[in-house]
$ cat final_26.cif   # mmCIF, C-alpha atoms and all ligand atoms
data_query
loop_
_atom_site.label_atom_id
_atom_site.label_comp_id
_atom_site.auth_asym_id
_atom_site.auth_seq_id
_atom_site.Cartn_x
_atom_site.Cartn_y
_atom_site.Cartn_z
CA MET A 276 0.00 0.00 0.00
CA SER A 277 1.60 3.28 -1.06
CA SER A 278 0.37 5.15 2.04
CA SER A 279 2.49 2.78 4.15
CA PHE A 280 5.78 3.53 2.35
CA ARG A 281 8.43 4.01 4.99
CA LEU A 282 10.96 6.62 3.92
CA ASP A 283 12.38 6.54 7.46
CA ARG A 284 12.87 2.76 7.23
CA THR A 285 14.41 2.94 3.75
CA VAL A 286 16.92 5.65 4.71
CA THR A 287 17.75 3.91 8.00
CA LEU A 288 18.52 0.50 6.50
CA ASN A 289 20.03 1.60 3.19
CA LEU A 290 21.94 4.72 4.12
CA ALA A 291 22.31 5.41 7.85
CA GLN A 292 23.11 1.81 8.75
CA PRO A 293 25.89 1.19 6.20
CA VAL A 294 27.41 4.64 6.76
CA ARG A 295 27.51 4.21 10.56
CA ARG A 296 28.97 0.73 10.20
CA VAL A 297 31.71 1.90 7.84
CA ILE A 298 32.58 4.76 10.21
CA GLY A 299 32.47 2.31 13.14
CA CYS A 300 30.11 4.30 15.38
CA SER A 301 30.13 3.04 18.97
CA ASN A 302 27.17 2.72 21.32
CA ALA A 303 29.33 2.84 24.43
CA SER A 304 28.20 6.35 25.35
CA ARG A 305 24.47 6.24 24.53
CA ILE A 306 21.49 4.35 25.91
CA PRO A 307 18.46 3.68 23.72
CA VAL A 308 15.40 4.61 25.78
CA LEU A 309 12.57 2.84 23.97
CA MET A 310 9.15 4.52 23.95
CA TYR A 311 6.04 2.33 23.83
CA HIS A 312 2.40 3.23 24.38
CA GLY A 313 -0.31 0.58 23.92
CA ILE A 314 0.35 -3.17 23.73
CA ASN A 315 -2.72 -4.41 21.87
CA ASP A 316 -3.97 -5.60 18.50
CA ILE A 317 -5.52 -2.27 17.45
CA THR A 318 -2.81 -1.56 14.89
CA GLY A 319 -2.67 -0.54 11.24
CA VAL A 320 -5.27 2.23 11.58
CA THR A 321 -2.71 4.94 10.95
CA HIS A 322 0.50 5.29 8.89
CA PRO A 323 3.33 3.18 10.40
CA TYR A 324 5.28 6.35 11.26
CA PHE A 325 2.46 7.58 13.52
CA GLU A 326 1.50 4.20 14.98
CA THR A 327 1.61 4.10 18.78
CA ASN A 328 0.39 0.54 19.38
CA THR A 329 2.32 -2.70 19.29
CA SER A 330 0.58 -6.06 19.22
CA PRO A 331 1.51 -8.54 21.97
CA THR A 332 2.94 -10.86 19.28
CA ILE A 333 5.34 -8.24 17.91
CA PHE A 334 6.18 -6.95 21.40
CA ALA A 335 7.06 -10.49 22.47
CA ARG A 336 9.28 -10.85 19.39
CA GLN A 337 11.10 -7.61 20.19
CA MET A 338 11.57 -8.59 23.85
CA ARG A 339 12.86 -12.02 22.85
CA HIS A 340 15.35 -10.30 20.57
CA LEU A 341 16.64 -8.21 23.48
CA ARG A 342 17.11 -11.27 25.68
CA GLU A 343 18.64 -13.48 23.00
CA HIS A 344 21.12 -10.79 21.95
CA GLY A 345 22.35 -10.11 25.44
CA TYR A 346 20.74 -6.71 26.00
CA ARG A 347 20.33 -5.70 29.62
CA THR A 348 17.30 -3.61 30.62
CA ILE A 349 17.51 -1.17 33.49
CA ASP A 350 15.05 1.42 34.75
CA LEU A 351 15.40 5.10 33.99
CA LYS A 352 16.83 5.93 37.40
CA ALA A 353 19.70 3.47 36.92
CA ALA A 354 20.20 4.72 33.35
CA VAL A 355 20.67 8.33 34.48
CA GLN A 356 23.18 7.17 37.10
CA MET A 357 25.10 5.16 34.49
CA ILE A 358 25.11 8.05 32.00
CA ASN A 359 26.39 10.45 34.68
CA SER A 360 29.10 8.05 35.83
CA GLY A 361 30.55 7.73 32.33
CA ALA A 362 30.08 3.92 32.39
CA ASN A 363 30.21 1.82 29.24
CA LEU A 364 26.61 1.76 28.02
CA GLN A 365 27.01 -0.88 25.32
CA GLY A 366 24.12 -3.35 25.39
CA VAL A 367 22.09 -1.42 27.96
CA VAL A 368 18.46 -0.54 27.14
CA VAL A 369 15.64 1.28 28.93
CA ILE A 370 12.05 0.35 28.06
CA THR A 371 9.44 3.02 28.81
CA PHE A 372 5.68 3.13 28.44
CA ASP A 373 3.56 6.28 28.46
CA ASP A 374 -0.03 6.79 29.61
CA GLY A 375 -0.78 3.87 31.97
CA PHE A 376 -2.96 1.81 29.64
CA ARG A 377 -4.39 -1.34 31.17
CA ASP A 378 -2.95 -3.47 28.37
CA PHE A 379 0.46 -2.94 29.96
CA TYR A 380 -0.82 -4.89 32.96
CA THR A 381 -2.62 -7.57 30.93
CA HIS A 382 -0.27 -8.01 27.94
CA ALA A 383 3.15 -6.42 28.50
CA ILE A 384 3.88 -7.55 32.05
CA PRO A 385 3.69 -11.32 31.32
CA ILE A 386 6.05 -10.88 28.34
CA LEU A 387 8.51 -8.72 30.29
CA GLN A 388 8.49 -11.29 33.09
CA GLU A 389 8.98 -14.20 30.71
CA HIS A 390 12.13 -12.56 29.38
CA GLN A 391 13.22 -11.15 32.76
CA LEU A 392 13.18 -7.59 31.51
CA THR A 393 12.26 -4.44 33.41
CA ALA A 394 10.63 -1.17 32.35
CA THR A 395 9.51 2.27 33.46
CA MET A 396 5.82 3.26 33.23
CA PHE A 397 4.61 6.88 33.17
CA VAL A 398 1.03 7.18 34.37
CA VAL A 399 -1.46 10.04 34.02
CA SER A 400 -2.57 10.32 37.65
CA GLY A 401 -6.03 11.72 36.82
CA PHE A 402 -6.80 8.73 34.57
CA ILE A 403 -6.10 6.11 37.26
CA GLY A 404 -8.87 5.23 39.69
CA SER A 405 -10.00 2.54 42.11
CA ALA A 406 -11.80 0.96 39.12
CA SER A 407 -10.46 0.89 35.58
CA THR A 408 -11.22 4.12 33.72
CA ARG A 409 -12.18 4.14 30.04
CA LEU A 410 -11.34 7.30 28.10
CA ALA A 411 -11.39 7.72 24.30
CA ALA A 412 -11.91 3.96 23.93
CA LYS A 413 -8.81 3.20 26.01
CA ASP A 414 -8.75 1.42 29.37
CA PHE A 415 -6.39 2.57 32.09
CA MET A 416 -4.91 0.63 35.00
CA THR A 417 -6.32 0.89 38.52
CA TRP A 418 -4.20 2.05 41.47
CA SER A 419 -4.16 -1.51 42.73
CA GLU A 420 -2.70 -2.67 39.38
CA VAL A 421 -0.15 0.16 39.40
CA ARG A 422 0.92 -0.93 42.89
CA GLU A 423 1.17 -4.51 41.68
CA ILE A 424 3.43 -3.70 38.70
CA GLU A 425 5.52 -1.47 40.95
CA SER A 426 6.00 -4.44 43.30
CA LEU A 427 7.26 -6.42 40.28
CA GLY A 428 10.08 -3.90 39.80
CA ILE A 429 8.49 -1.50 37.31
CA GLU A 430 9.56 2.09 37.99
CA ILE A 431 6.52 4.41 38.06
CA GLY A 432 6.86 7.99 36.84
CA SER A 433 4.51 10.88 36.20
CA HIS A 434 2.91 11.79 32.88
CA THR A 435 0.99 14.76 34.40
CA VAL A 436 -2.50 14.83 35.97
CA SER A 437 -4.57 15.35 32.83
CA HIS A 438 -2.29 14.74 29.81
CA SER A 439 -2.43 18.39 28.77
CA HIS A 440 -0.32 20.29 26.27
CA LEU A 441 1.82 21.93 28.95
CA ASN A 442 3.23 24.61 26.64
CA ASN A 443 -0.33 25.94 26.17
CA LEU A 444 -0.94 26.31 29.92
CA HIS A 445 -0.26 29.15 32.31
CA LEU A 446 2.89 28.41 34.30
CA ARG A 447 0.81 28.13 37.49
CA ASP A 448 -1.20 25.30 35.88
CA VAL A 449 1.96 23.59 34.65
CA GLY A 450 3.06 23.56 38.30
CA ARG A 451 -0.25 21.97 39.30
CA GLU A 452 0.16 19.23 36.67
CA LEU A 453 3.67 18.42 37.89
CA LYS A 454 3.02 18.66 41.64
CA GLY A 455 -0.45 17.11 41.61
CA SER A 456 0.57 14.00 39.71
CA LYS A 457 3.73 13.49 41.77
CA GLN A 458 1.84 13.88 45.04
CA THR A 459 -1.01 11.55 44.03
CA ILE A 460 1.26 8.78 42.76
CA GLU A 461 3.44 9.04 45.87
CA ASP A 462 0.37 8.88 48.12
CA LYS A 463 -0.98 5.83 46.29
CA LEU A 464 2.34 3.96 46.12
CA GLY A 465 4.03 5.13 49.30
CA ARG A 466 7.24 5.75 47.37
CA PRO A 467 8.96 8.83 45.94
CA VAL A 468 8.35 9.63 42.27
CA ASN A 469 11.48 10.97 40.57
CA SER A 470 10.78 10.77 36.87
CA PHE A 471 8.57 12.66 34.44
CA SER A 472 7.50 12.09 30.85
CA TYR A 473 6.43 15.12 28.79
CA PRO A 474 3.10 14.48 27.01
CA TYR A 475 2.75 15.05 23.25
CA ALA A 476 5.40 16.37 20.86
CA PHE A 477 8.17 18.05 22.82
CA PRO A 478 8.49 21.79 22.02
CA GLU A 479 12.27 21.63 21.75
CA HIS A 480 12.56 25.10 20.19
CA GLU A 481 10.53 26.97 22.84
CA SER A 482 13.55 27.85 24.94
CA ILE A 483 11.82 30.21 27.39
CA PHE A 484 9.08 27.69 28.13
CA LEU A 485 11.62 24.90 28.52
CA GLU A 486 13.67 26.89 31.02
CA GLN A 487 10.52 27.53 33.05
CA LEU A 488 9.50 23.87 32.79
CA ARG A 489 12.95 22.73 33.89
CA GLN A 490 12.87 25.02 36.94
CA CYS A 491 9.38 23.77 37.76
CA LEU A 492 10.45 20.11 37.49
CA GLU A 493 13.48 20.76 39.68
CA SER A 494 11.61 22.71 42.35
CA THR A 495 8.85 20.07 42.44
CA GLY A 496 11.44 17.40 43.24
CA TYR A 497 11.75 15.51 39.98
CA GLU A 498 15.24 14.27 39.19
CA TYR A 499 15.03 13.32 35.51
CA GLY A 500 12.61 12.98 32.63
CA VAL A 501 12.00 11.89 29.06
CA THR A 502 10.52 13.44 25.94
CA THR A 503 9.43 12.42 22.44
CA VAL A 504 12.61 13.92 20.97
CA LEU A 505 14.21 11.19 18.90
CA GLY A 506 17.64 9.83 19.78
CA GLY A 507 19.77 7.85 22.19
CA ALA A 508 20.33 9.32 25.66
CA ASN A 509 23.84 10.47 26.50
CA GLN A 510 25.82 12.83 28.72
CA THR A 511 25.13 15.87 26.54
CA ASN A 512 21.37 15.71 27.18
CA ASP A 513 19.57 17.70 29.84
CA ARG A 514 18.60 15.02 32.39
CA TYR A 515 15.03 16.34 32.48
CA PHE A 516 14.58 16.15 28.71
CA LEU A 517 16.15 12.85 27.64
CA PRO A 518 15.40 11.75 24.07
CA ARG A 519 13.76 8.40 23.30
CA ILE A 520 13.28 6.06 20.38
CA PRO A 521 9.67 5.34 19.33
CA ILE A 522 8.88 1.66 18.82
CA ASN A 523 5.68 0.22 17.41
CA GLU A 524 3.98 -2.65 15.61
CA HIS A 525 5.83 -1.96 12.35
CA ASP A 526 9.33 -2.38 13.74
CA ASP A 527 10.40 -5.73 12.38
CA ILE A 528 13.55 -7.09 13.98
CA ARG A 529 15.82 -5.51 11.35
CA LEU A 530 14.48 -2.02 12.00
CA PHE A 531 14.22 -2.67 15.75
CA GLU A 532 17.91 -3.59 15.90
CA ALA A 533 18.82 -0.55 13.78
CA LYS A 534 16.92 1.65 16.25
CA LEU A 535 18.78 0.07 19.18
CA LYS A 536 22.11 0.73 17.46
CA GLY A 537 21.44 4.44 16.82
CA GLU A 538 20.90 3.98 13.10
CA TYR A 539 17.48 5.68 13.30
CA ASP A 540 18.74 8.76 15.20
CA TRP A 541 19.36 10.68 11.95
CA LEU A 542 15.62 11.32 11.81
CA HIS A 543 15.88 13.80 14.67
CA LEU A 544 17.32 16.48 12.37
CA PRO A 545 14.46 16.56 9.83
CA GLN A 546 11.94 16.18 12.68
CA SER A 547 13.48 19.11 14.53
CA LEU A 548 13.59 21.28 11.41
CA TYR A 549 9.95 20.52 10.73
CA LYS A 550 8.97 21.45 14.29
CA PHE A 551 11.01 24.65 14.10
CA MET A 552 9.40 25.74 10.84
CA ARG A 553 5.97 24.85 12.18
CA SER A 554 6.50 26.85 15.37
CA CYS A 555 7.69 29.81 13.28
CA TYR A 556 4.56 29.59 11.18
CA ILE A 557 2.26 29.31 14.18
CA ASN A 558 3.94 31.85 16.44
CA ARG A 559 5.63 34.01 13.80
CA THR A 560 8.60 34.33 16.13
CA CYS A 561 11.36 33.74 13.57
CA TYR A 562 12.46 37.33 13.46
CA LYS A 563 12.01 38.32 17.10
ZN ZN B 1 1.00 10.35 26.59
#

$ encode --input "final_26.cif" --output "structure tokens"
Amino acid sequence: MSSSFRLDRTVTLNLAQPVRRVIGCSNASRIPVLMYHGINDITGVTHPYFETNTSPTIFARQMRHLREHGYRTIDLKAAVQMINSGANLQGVVVITFDDGFRDFYTHAIPILQEHQLTATMFVVSGFIGSASTRLAAKDFMTWSEVREIESLGIEIGSHTVSHSHLNNLHLRDVGRELKGSKQTIEDKLGRPVNSFSYPYAFPEHESIFLEQLRQCLESTGYEYGVTTVLGGANQTNDRYFLPRIPINEHDDIRLFEAKLKGEYDWLHLPQSLYKFMRSCYINRTCYK
């Protein structure tokens, strides 16, 4: 189907991969932080580039690949410590999930356990209740289920209270989203929450907003965070705005391995340029 043509896949496997291999790029100083959302069979509705779901079958295949190829998964907290210490990061992977969908509990957890892998889950505190909440045809975990996955070694982070576009909010309301979610999750789990995941596309060119957001995260007590900016995490990144690598149903093992190895990171440049031009168009701030 022509609408499913993957320019990103073609460039990754036919250009970025051979070039990086000839140059001999090392992965000793970067950690791929994988970004998943839903683990369910509702896939193929959108173009592969925009897909956010991964079927349990494909997810299991990807997790088996990690185990069989000697990858070691750690949570985000350990990853930040390793990055800061200058340790060799070869073969280390972080698996993250955004939103707190119930299919993480029903489908992802058994697969992660089977392969003895760990992960970090970012929940939207306002979407989690004593009974499972259903919003926009998606089911969310209950607090009891969040506590259960936490007891299995899953790190729990915040993904705000209401999954808002934070860069459209007044700073006071941004503070409420950060503090409210942290407080609620800590109350429900009885453990400190240190990590934050920024919802939606990360406004990487809105420098004033990002400085305010960073100060807010720091003063609220967060220690690190992730974004949708594409790339491997390394020492040059702000620890509150670590890049990640999106993974979905359409990542066959060849593309999955290329993403792990940094051979997909080239896409950040065109993505960033597109976002910059779009923000100029919307805000007309190019010449200020
Ligand atoms: Zn989200």

$ residues_near_ligand --input "final_26.cif" --ligand "ligand ZN 1 (chain B)" --cutoff "12 Å" --atoms "only C-alpha atoms and all ligand atoms" --output "JSON, numbers by chain"
{"A": [310, 311, 312, 313, 327, 371, 372, 373, 374, 375, 376, 396, 397, 398, 399, 400, 402, 433, 434, 435, 436, 437, 438, 439, 440, 441, 471, 472, 473, 474, 475, 476, 477, 501, 502, 503]}

$ closest_residue --input "final_26.cif" --among "A:Ala533, A:Leu351, A:Val504, A:Val369" --to "Gln292 in chain A" --atoms "only C-alpha atoms"
A:Ala533

$ residues_near_point --input "final_26.cif" --point "(15.3, 12.5, 28.7)" --cutoff "12 Å" --atoms "all atoms listed in the file" --output "ChimeraX atom specification"
/A:305-310,351-352,354-355,358,369,371,470-473,477,479,489,498-520

$ atom_distance --input "final_26.cif" --atom1 "CA of Gln391 in chain A" --atom2 "CA of Ile314 in chain A"
17.6 Å

$ residues_around --input "final_26.cif" --residues "Tyr539 in chain A" --least-positions-apart "5" --cutoff "12 Å" --atoms "all atoms listed in the file" --output "PDB file with C-alpha atoms, keeping the file's coordinate frame"
ATOM      1  CA  LEU A 282      10.960   6.620   3.920  1.00  0.00           C
ATOM      2  CA  ASP A 283      12.380   6.540   7.460  1.00  0.00           C
ATOM      3  CA  ARG A 284      12.870   2.760   7.230  1.00  0.00           C
ATOM      4  CA  THR A 285      14.410   2.940   3.750  1.00  0.00           C
ATOM      5  CA  VAL A 286      16.920   5.650   4.710  1.00  0.00           C
ATOM      6  CA  THR A 287      17.750   3.910   8.000  1.00  0.00           C
ATOM      7  CA  LEU A 288      18.520   0.500   6.500  1.00  0.00           C
ATOM      8  CA  ASN A 289      20.030   1.600   3.190  1.00  0.00           C
ATOM      9  CA  LEU A 290      21.940   4.720   4.120  1.00  0.00           C
ATOM     10  CA  ALA A 291      22.310   5.410   7.850  1.00  0.00           C
ATOM     11  CA  GLN A 292      23.110   1.810   8.750  1.00  0.00           C
ATOM     12  CA  PRO A 293      25.890   1.190   6.200  1.00  0.00           C
ATOM     13  CA  VAL A 294      27.410   4.640   6.760  1.00  0.00           C
ATOM     14  CA  ARG A 295      27.510   4.210  10.560  1.00  0.00           C
ATOM     15  CA  PRO A 307      18.460   3.680  23.720  1.00  0.00           C
ATOM     16  CA  LEU A 505      14.210  11.190  18.900  1.00  0.00           C
ATOM     17  CA  GLY A 506      17.640   9.830  19.780  1.00  0.00           C
ATOM     18  CA  GLY A 507      19.770   7.850  22.190  1.00  0.00           C
ATOM     19  CA  ARG A 519      13.760   8.400  23.300  1.00  0.00           C
ATOM     20  CA  ILE A 520      13.280   6.060  20.380  1.00  0.00           C
ATOM     21  CA  PRO A 521       9.670   5.340  19.330  1.00  0.00           C
ATOM     22  CA  ILE A 522       8.880   1.660  18.820  1.00  0.00           C
ATOM     23  CA  ASP A 526       9.330  -2.380  13.740  1.00  0.00           C
ATOM     24  CA  ARG A 529      15.820  -5.510  11.350  1.00  0.00           C
ATOM     25  CA  LEU A 530      14.480  -2.020  12.000  1.00  0.00           C
ATOM     26  CA  PHE A 531      14.220  -2.670  15.750  1.00  0.00           C
ATOM     27  CA  GLU A 532      17.910  -3.590  15.900  1.00  0.00           C
ATOM     28  CA  ALA A 533      18.820  -0.550  13.780  1.00  0.00           C
ATOM     29  CA  LYS A 534      16.920   1.650  16.250  1.00  0.00           C
ATOM     30  CA  LEU A 544      17.320  16.480  12.370  1.00  0.00           C
ATOM     31  CA  PRO A 545      14.460  16.560   9.830  1.00  0.00           C
ATOM     32  CA  GLN A 546      11.940  16.180  12.680  1.00  0.00           C
TER      33      GLN A 546
END

$ atom_distance --input "final_26.cif" --atom1 "CA of Gly496 in chain A" --atom2 "CA of Ile384 in chain A"
28.4 Å

$ residues_around --input "final_26.cif" --residues "range 405-408 of chain A" --least-positions-apart "5" --cutoff "7 Å" --atoms "only C-alpha atoms" --output "ChimeraX atom specification"
/A:414-418

$ write_last_selection --input "final_26.cif" --atoms "C-alpha atoms" --output "tab-separated table (two decimals), keeping the file's coordinate frame"
chain	number	residue	atom	x	y	z
A	414	ASP	CA	-8.75	1.42	29.37
A	415	PHE	CA	-6.39	2.57	32.09
A	416	MET	CA	-4.91	0.63	35.00
A	417	THR	CA	-6.32	0.89	38.52
A	418	TRP	CA	-4.20	2.05	41.47

$ decode --input "final_26.cif" --residues "range 445-529 of chain A" --atoms "C-alpha atoms" --output "tab-separated table (two decimals), in the first residue's frame"
chain	number	residue	atom	x	y	z
A	445	HIS	CA	-0.26	29.15	32.31
A	446	LEU	CA	2.89	28.41	34.30
A	447	ARG	CA	0.81	28.13	37.49
A	448	ASP	CA	-1.20	25.30	35.88
A	449	VAL	CA	1.96	23.59	34.65
A	450	GLY	CA	3.06	23.56	38.30
A	451	ARG	CA	-0.25	21.97	39.30
A	452	GLU	CA	0.16	19.23	36.67
A	453	LEU	CA	3.67	18.42	37.89
A	454	LYS	CA	3.02	18.66	41.64
A	455	GLY	CA	-0.45	17.11	41.61
A	456	SER	CA	0.57	14.00	39.71
A	457	LYS	CA	3.73	13.49	41.77
A	458	GLN	CA	1.84	13.88	45.04
A	459	THR	CA	-1.01	11.55	44.03
A	460	ILE	CA	1.26	8.78	42.76
A	461	GLU	CA	3.44	9.04	45.87
A	462	ASP	CA	0.37	8.88	48.12
A	463	LYS	CA	-0.98	5.83	46.29
A	464	LEU	CA	2.34	3.96	46.12
A	465	GLY	CA	4.03	5.13	49.30
A	466	ARG	CA	7.24	5.75	47.37
A	467	PRO	CA	8.96	8.83	45.94
A	468	VAL	CA	8.35	9.63	42.27
A	469	ASN	CA	11.48	10.97	40.57
A	470	SER	CA	10.78	10.77	36.87
A	471	PHE	CA	8.57	12.66	34.44
A	472	SER	CA	7.50	12.09	30.85
A	473	TYR	CA	6.43	15.12	28.79
A	474	PRO	CA	3.10	14.48	27.01
A	475	TYR	CA	2.75	15.05	23.25
A	476	ALA	CA	5.40	16.37	20.86
A	477	PHE	CA	8.17	18.05	22.82
A	478	PRO	CA	8.49	21.79	22.02
A	479	GLU	CA	12.27	21.63	21.75
A	480	HIS	CA	12.56	25.10	20.19
A	481	GLU	CA	10.53	26.97	22.84
A	482	SER	CA	13.55	27.85	24.94
A	483	ILE	CA	11.82	30.21	27.39
A	484	PHE	CA	9.08	27.69	28.13
A	485	LEU	CA	11.62	24.90	28.52
A	486	GLU	CA	13.67	26.89	31.02
A	487	GLN	CA	10.52	27.53	33.05
A	488	LEU	CA	9.50	23.87	32.79
A	489	ARG	CA	12.95	22.73	33.89
A	490	GLN	CA	12.87	25.02	36.94
A	491	CYS	CA	9.38	23.77	37.76
A	492	LEU	CA	10.45	20.11	37.49
A	493	GLU	CA	13.48	20.76	39.68
A	494	SER	CA	11.61	22.71	42.35
A	495	THR	CA	8.85	20.07	42.44
A	496	GLY	CA	11.44	17.40	43.24
A	497	TYR	CA	11.75	15.51	39.98
A	498	GLU	CA	15.24	14.27	39.19
A	499	TYR	CA	15.03	13.32	35.51
A	500	GLY	CA	12.61	12.98	32.63
A	501	VAL	CA	12.00	11.89	29.06
A	502	THR	CA	10.52	13.44	25.94
A	503	THR	CA	9.43	12.42	22.44
A	504	VAL	CA	12.61	13.92	20.97
A	505	LEU	CA	14.21	11.19	18.90
A	506	GLY	CA	17.64	9.83	19.78
A	507	GLY	CA	19.77	7.85	22.19
A	508	ALA	CA	20.33	9.32	25.66
A	509	ASN	CA	23.84	10.47	26.50
A	510	GLN	CA	25.82	12.83	28.72
A	511	THR	CA	25.13	15.87	26.54
A	512	ASN	CA	21.37	15.71	27.18
A	513	ASP	CA	19.57	17.70	29.84
A	514	ARG	CA	18.60	15.02	32.39
A	515	TYR	CA	15.03	16.34	32.48
A	516	PHE	CA	14.58	16.15	28.71
A	517	LEU	CA	16.15	12.85	27.64
A	518	PRO	CA	15.40	11.75	24.07
A	519	ARG	CA	13.76	8.40	23.30
A	520	ILE	CA	13.28	6.06	20.38
A	521	PRO	CA	9.67	5.34	19.33
A	522	ILE	CA	8.88	1.66	18.82
A	523	ASN	CA	5.68	0.22	17.41
A	524	GLU	CA	3.98	-2.65	15.61
A	525	HIS	CA	5.83	-1.96	12.35
A	526	ASP	CA	9.33	-2.38	13.74
A	527	ASP	CA	10.40	-5.73	12.38
A	528	ILE	CA	13.55	-7.09	13.98
A	529	ARG	CA	15.82	-5.51	11.35
